[in-house]
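In what follows, a single structure is set out as structure tokens and then discussed.
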Protein chains: 2
Amino acid sequence: MKKLAFGIDIGGINTAFGLVDEKGELFANSVISTKAYPNYSDYPQYINDLAEAMKVLVHSVNFEFELIGIGIGAPNANYYNGTVETPANLWKYTNKEVAAGLKEEDRIFHFAEDLGKHFLNVPVYITNDANAATIGEMVYGGAKGMKDFIMITLGTGVGSGFVANGELIYGHDGFAGEFGHVIVERGGRQCGCGRKGCLETYTSAIGIKRTAFELLSTMNDPSPLRDLSFNQVDSAMIAQFAAKGDEISKEAFRLTGQKLGYALADAVTITSPEAIFIFGGLAKAGEILFNPIKWYMEENMLMAFKNKVKVLPSELQNKNAAILGASALVWQAK
Amino acid sequence: MKKLAFGIDIGGINTAFGLVDEKGELFANSVISTKAYPNYSDYPQYINDLAEAMKVLVHSVNFEFELIGIGIGAPNANYYNGTVETPANLWKYTNKEVAAGLKEEDRIFHFAEDLGKHFLNVPVYITNDANAATIGEMVYGGAKGMKDFIMITLGTGVGSGFVANGELIYGHDGFAGEFGHVIVERGGRQCGCGRKGCLETYTSAIGIKRTAFELLSTMNDPSPLRDLSFNQVDSAMIAQFAAKGDEISKEAFRLTGQKLGYALADAVTITSPEAIFIFGGLAKAGEILFNPIKWYMEENMLMAFKNKVKVLPSELQNKNAAILGASALVWQAK
């Protein structure tokens, strides 16, 4: 009988899920709202409704198959504990709950266990979104057969997954791979994590926007960006302006690639990867981002590593990457 | 029959070697000069003489044992290839050889194979000195039972070994773990690697001396260092002066710990280790080094990792660490 795995991608707005075979083919997929369950007290209902929607999807498939596991990618997920721990944008306390003394550090969701109750004898795996993408690249994508590589995800934040000796590095507590939070400018830009100068404040989709707006102050060139507010602009627009020759947008990409290239040269000294994959919306900008990443990485590379490390776009880029990545957790565990 | 492994530590001055059991007990050890074989053409004779000296040591042991392997720690060693590649201070070309067109990139020694010819059917493993120390810590030392830890060696340079999922990270080419060459000050101090601002230019035994001499220019305090030349001073003297209250030496330790603490906070985001071990001469300075390392590491740590990562002195510190580390390669491979 054909074997399929569930892949579930939990975002702040939607939860997307699908049934995937071991080659990465997606046979059915669906979505429920995450945003409709904003509060801590909504979480049990969310789990119930997600499980119901998953069962509906199972019945929609018009051939018999064996469900061999459920893989989940979620923010702040811990692989070892099967938990989602204090996620910034999910299932938050109300002011009342905070006033009643509920503590943020106790806002821990035993997601794998809670969802698993609805699917008896089906193993459930959970990890953070960047780790899921990394395993997806390894199982279905460009990293197939590689034992040592790095995945960098450029989204609202910057995530990462490091693979060494053929295994994802989870670290002793399950929280490894937070490369978006290496400090690249001491005392630099304010980061959501409460510190300053983290890589993601420069090279995420929001980071490049911050850079473009900084350049509006330091450069004199005319630019379509000068007629738009900060809240109106997104990284895709900056990519479009750059493609049309806007100097400020082009410079924003150069500086973004520089910061990432420098940081990657340092990361290479630690794990000496065969390749670095770049994933996420910003990666779609193509050469204008990849060229400066490569140039500044090589310029700063220790001799032993020069011209050895490939920098590649993720091959999962346009194929329901998040669902595939999550489902890959199941195949990887086999 | 008792089983023993050879551990061999190849330094620029001496080659130390010994016979070690799987608990890390050293049964016999000896040494030959490395310095007496300075040239490329001396290498075959060096291998012969080392093998002879090893055989003499084998016969000196007054009980029967089985030699189960040979482990070697050497600069620029590659675990996968069994080679020592372009080592800066070993078996160099003469000017004549350079003039004759011999290329630096071909100065590669097939050490494991060459030594192995003298010990038929005994497996030979080689890796760089810091990796050997890391495996020594894992097999015999404080990292016993740990699956995720970092080893930092503070010597003439700064070396490192990263262990994740219970395995040393060699990287795809065998050269991983060059943490001494992450850039901590862009455009900073000149490094032996040809770049600028590498961690080891600040936190090696020579790095702290450079810092102390920089402080002679920026501070006004009297100091015994003001009566000594750069070439007269070593890191042990700076530690002694600091212990006696010398402000400049104390400040040099603080700044060294700061640079290392900052860099370690970044490394933790990648591998999330249970502990970081500090090894080498400088580590013997104790609290005056460990306190600032811990303080600045914690100050810069991402919330998820705060107060979780132990910083510990290597437990191999005073026990023929380099020989033990090299021999551990053999037990690790079993």
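A note on labels: chains of the structure tokens are A, B, ... as shown, every chain counts residues from 1, and ligands are counted from 1 in their shown order.
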
(message) Based on only C-alpha atoms, which of the residues in chain B come within 8 Å of chain A? I want them as an MDAnalysis selection string.
(response) chainID B and resid 147:148 162 164:165 167 169:179 181:183 193 195 265:274 300 302:304

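Near A:Val20, within 6 Å and counting only C-alpha atoms, sit Leu4, Ala5, Gly24, Glu25, Leu26 and Phe27 of chain A, not including residues fewer than 2 positions from it in the same chain.
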
(message) For the helix (DSSP H, G or I) assignment from backbone DSSP, which residues of stretch 48-143 of chain A qualify? Please present them as a ChimeraX atom specification.
(response) /A:48-60,95-99,104-106,111-116,129-140

(request) Write out as a PyMOL selection string the residues lying within 7 Å of stretch 83-86 of chain B, counting only C-alpha atoms and excluding same-chain residues fewer than 5 positions away. (result) chain B and resi 76-78+104-105+107-112

(request) Find, counting only C-alpha atoms, the residue in A:Gln332, A:Asn320, A:Gln190, A:Gln240 that gets nearest to A:Leu19. (result)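 Among A:Gln332, A:Asn320, A:Gln190, A:Gln240, it is A:Asn320 that comes nearest to A:Leu19.
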
(request) Tell me, in Å to one decimal, how far atom CA of A:Ala205 is from atom CA of A:Lys284. (result)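 Rounded to one decimal, the two atoms are 11.4 Å apart.
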
(request) Point out the residue among B:Arg254, B:Gly82, B:Ile208, B:Ala321 with the least atom-to-atom distance to B:Phe17, counting only C-alpha atoms. (result) B:Ala321

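Distance check against B:Ala130 using only C-alpha atoms: of B:Gly261, B:Gly101, B:Gly73, B:Gly18, the minimum falls on B:Gly73.
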
(message) What's around stretch 152-158 of chain B at 10 Å? Count only C-alpha atoms, leave out sequence neighbours fewer than 3 positions away in its own chain, and write the answer as a PyMOL selection string.
(response) chain B and resi 129-131+133-134+161-162+177-181+191-192+198-207+235+260+264+276-283+313-314

Could those residues be written to a file, using C-alpha atoms, as a compact mmCIF listing (two decimals), in the first residue's frame?
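This is the output file again_27.txt:
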# COMPACT_ATOMS: atom_id res chain seq x y z
CA ASP B 129 45.33 18.93 17.32
CA ALA B 130 42.17 20.75 18.44
CA ASN B 131 39.93 17.98 17.11
CA ALA B 133 41.76 17.36 22.14
CA THR B 134 37.99 17.48 21.60
CA GLY B 161 36.19 21.25 17.98
CA PHE B 162 32.40 21.17 17.70
CA GLY B 177 36.20 23.66 13.46
CA GLU B 178 38.38 26.66 12.60
CA PHE B 179 36.64 28.88 15.14
CA GLY B 180 39.89 30.77 15.78
CA HIS B 181 39.30 32.33 12.37
CA CYS B 191 46.31 37.35 11.48
CA GLY B 192 48.76 34.67 10.39
CA CYS B 198 40.33 36.83 13.53
CA LEU B 199 39.40 35.68 17.03
CA GLU B 200 42.84 34.17 17.55
CA THR B 201 44.56 37.53 17.12
CA TYR B 202 42.79 38.58 20.35
CA THR B 203 42.35 35.46 22.48
CA SER B 204 45.37 33.22 21.86
CA ALA B 205 48.41 33.30 24.12
CA ILE B 206 49.92 35.78 21.67
CA GLY B 207 46.63 37.65 21.34
CA SER B 235 50.92 34.96 28.55
CA LEU B 260 35.86 35.17 23.52
CA LEU B 264 30.92 32.06 22.04
CA ILE B 276 32.01 24.76 26.39
CA PHE B 277 35.42 23.46 27.47
CA ILE B 278 38.45 25.72 27.49
CA PHE B 279 41.79 24.05 27.02
CA GLY B 280 45.41 25.18 26.80
CA GLY B 281 47.95 27.25 28.66
CA LEU B 282 45.84 30.37 28.91
CA ALA B 283 42.98 28.39 30.51
CA PRO B 313 38.15 24.08 32.09
CA SER B 314 39.17 20.98 30.19

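Closest approach to B:Phe6 from the set B:Pro224, B:Pro123, B:Pro38, B:Pro292 is made by B:Pro123, with distances taken over only C-alpha atoms.
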
(message) What's the separation between atom CA of A:Ala212 and atom CA of A:Gly187, in Å to one decimal place?
(response)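 It comes out at 19.5 Å.
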
(message) Calculated over only C-alpha atoms, which of the candidates A:Thr94, A:Asn121, A:Ser41, A:Thr127 has the smallest distance to A:Tyr79?
(response)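 The closest residue to A:Tyr79 is A:Thr127.
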
Find the residues near B:Tyr37: any atom within 7 Å, counting only C-alpha atoms, skip ones fewer than 6 places away on the same chain, and give them as a CSV table (one decimal) with all heavy atoms, in the first residue's frame.
chain,number,residue,atom,x,y,z
B,43,TYR,N,61.2,14.5,5.5
B,43,TYR,CA,60.0,13.9,6.0
B,43,TYR,C,60.1,12.3,6.0
B,43,TYR,O,59.8,11.7,7.0
B,43,TYR,CB,58.8,14.4,5.2
B,43,TYR,CG,57.6,13.6,5.3
B,43,TYR,CD1,56.8,13.7,6.5
B,43,TYR,CD2,57.2,12.7,4.4
B,43,TYR,CE1,55.6,12.9,6.6
B,43,TYR,CE2,56.0,11.9,4.5
B,43,TYR,CZ,55.3,12.0,5.6
B,43,TYR,OH,54.1,11.3,5.8
B,46,TYR,N,62.0,11.3,8.9
B,46,TYR,CA,61.3,11.5,10.2
B,46,TYR,C,60.3,10.4,10.4
B,46,TYR,O,60.2,9.9,11.5
B,46,TYR,CB,60.5,12.9,10.0
B,46,TYR,CG,59.4,13.1,11.1
B,46,TYR,CD1,59.7,13.6,12.3
B,46,TYR,CD2,58.1,12.8,10.8
B,46,TYR,CE1,58.7,13.8,13.3
B,46,TYR,CE2,57.1,12.9,11.7
B,46,TYR,CZ,57.4,13.4,13.0
B,46,TYR,OH,56.4,13.6,13.9
B,91,TRP,N,58.4,20.5,7.8
B,91,TRP,CA,58.8,20.0,6.5
B,91,TRP,C,58.6,20.9,5.4
B,91,TRP,O,58.0,20.6,4.4
B,91,TRP,CB,58.1,18.6,6.3
B,91,TRP,CG,58.0,17.8,7.5
B,91,TRP,CD1,59.1,17.4,8.3
B,91,TRP,CD2,56.9,17.3,8.2
B,91,TRP,NE1,58.7,16.7,9.4
B,91,TRP,CE2,57.3,16.6,9.3
B,91,TRP,CE3,55.5,17.3,7.9
B,91,TRP,CZ2,56.5,15.9,10.2
B,91,TRP,CZ3,54.7,16.6,8.8
B,91,TRP,CH2,55.1,16.0,9.9

(message) Could you tell me how far atom CA of A:Lys144 sits from atom CA of A:Asn307, in Å to one decimal place?
(response)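 It comes out at 21.2 Å.
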
(message) Residues within 7 Å of stretch 58-70 of chain B, please, as a PyMOL selection string. Count only C-alpha atoms; anything in the same chain fewer than 6 positions from it doesn't count.
(response) chain B and resi 1-7+28+122-125+327+330

(message) Here is a test: counting only C-alpha atoms, which residue of B:Gly136, B:Pro87, B:Pro44, B:Gly71 is nearest to B:Leu324?
(response)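 Ranked by minimum distance to B:Leu324, first place goes to B:Gly136.
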
(request) Using DSSP on the backbone coordinates, identify all residues within stretch 7-165 of chain A classified as strand (DSSP E); present the result as an MDAnalysis selection string. (result) chainID A and resid 7:10 14:20 26:33 65:73 77:78 83:85 108:109 124:127 149:154 158:164

Taking C-alpha atoms for each residue, export the selection above as an mmCIF file, in the first residue's frame.
data_model
loop_
_atom_site.group_PDB
_atom_site.id
_atom_site.type_symbol
_atom_site.label_atom_id
_atom_site.label_comp_id
_atom_site.auth_asym_id
_atom_site.auth_seq_id
_atom_site.Cartn_x
_atom_site.Cartn_y
_atom_site.Cartn_z
ATOM 1 C CA GLY A 7 3.165 17.817 6.635
ATOM 2 C CA ILE A 8 1.792 20.720 8.659
ATOM 3 C CA ASP A 9 3.072 24.268 8.496
ATOM 4 C CA ILE A 10 1.856 26.491 11.320
ATOM 5 C CA ASN A 14 -2.833 30.105 8.448
ATOM 6 C CA THR A 15 -2.068 26.484 9.138
ATOM 7 C CA ALA A 16 -1.391 24.667 5.863
ATOM 8 C CA PHE A 17 -1.226 20.889 5.692
ATOM 9 C CA GLY A 18 -0.971 18.177 3.118
ATOM 10 C CA LEU A 19 -0.307 14.506 2.397
ATOM 11 C CA VAL A 20 3.074 13.803 0.849
ATOM 12 C CA LEU A 26 1.857 16.348 -2.619
ATOM 13 C CA PHE A 27 -1.406 14.394 -3.064
ATOM 14 C CA ALA A 28 -3.842 16.634 -1.226
ATOM 15 C CA ASN A 29 -3.636 19.789 0.794
ATOM 16 C CA SER A 30 -5.812 22.151 2.739
ATOM 17 C CA VAL A 31 -5.656 24.994 5.196
ATOM 18 C CA ILE A 32 -7.337 26.284 8.334
ATOM 19 C CA SER A 33 -7.010 29.676 9.950
ATOM 20 C CA PHE A 65 -2.860 4.550 1.757
ATOM 21 C CA GLU A 66 -1.090 4.085 5.049
ATOM 22 C CA LEU A 67 -0.570 7.260 7.141
ATOM 23 C CA ILE A 68 2.902 6.692 8.491
ATOM 24 C CA GLY A 69 3.461 9.861 10.464
ATOM 25 C CA ILE A 70 2.783 13.540 11.023
ATOM 26 C CA GLY A 71 5.505 16.173 10.691
ATOM 27 C CA ILE A 72 4.988 19.728 11.902
ATOM 28 C CA GLY A 73 6.933 22.933 11.372
ATOM 29 C CA ALA A 77 8.963 24.329 18.348
ATOM 30 C CA ASN A 78 11.200 21.948 20.252
ATOM 31 C CA THR A 83 6.387 21.356 22.297
ATOM 32 C CA VAL A 84 5.774 24.856 21.013
ATOM 33 C CA GLU A 85 7.258 27.148 23.659
ATOM 34 C CA ILE A 108 4.106 25.858 26.610
ATOM 35 C CA PHE A 109 1.975 23.770 24.246
ATOM 36 C CA VAL A 124 4.132 12.928 15.466
ATOM 37 C CA TYR A 125 7.298 14.991 14.973
ATOM 38 C CA ILE A 126 7.616 18.731 15.405
ATOM 39 C CA THR A 127 10.431 21.201 14.864
ATOM 40 C CA PHE A 149 25.225 21.824 4.472
ATOM 41 C CA ILE A 150 23.617 24.980 5.813
ATOM 42 C CA MET A 151 20.107 26.259 5.123
ATOM 43 C CA ILE A 152 19.323 29.947 5.566
ATOM 44 C CA THR A 153 15.691 31.070 5.466
ATOM 45 C CA LEU A 154 15.091 34.721 4.703
ATOM 46 C CA VAL A 158 16.144 34.868 9.456
ATOM 47 C CA GLY A 159 16.109 31.165 10.330
ATOM 48 C CA SER A 160 18.662 28.462 9.760
ATOM 49 C CA GLY A 161 19.366 24.769 9.901
ATOM 50 C CA PHE A 162 22.834 23.245 10.119
ATOM 51 C CA VAL A 163 23.407 19.689 8.956
ATOM 52 C CA ALA A 164 26.650 17.917 9.905
#
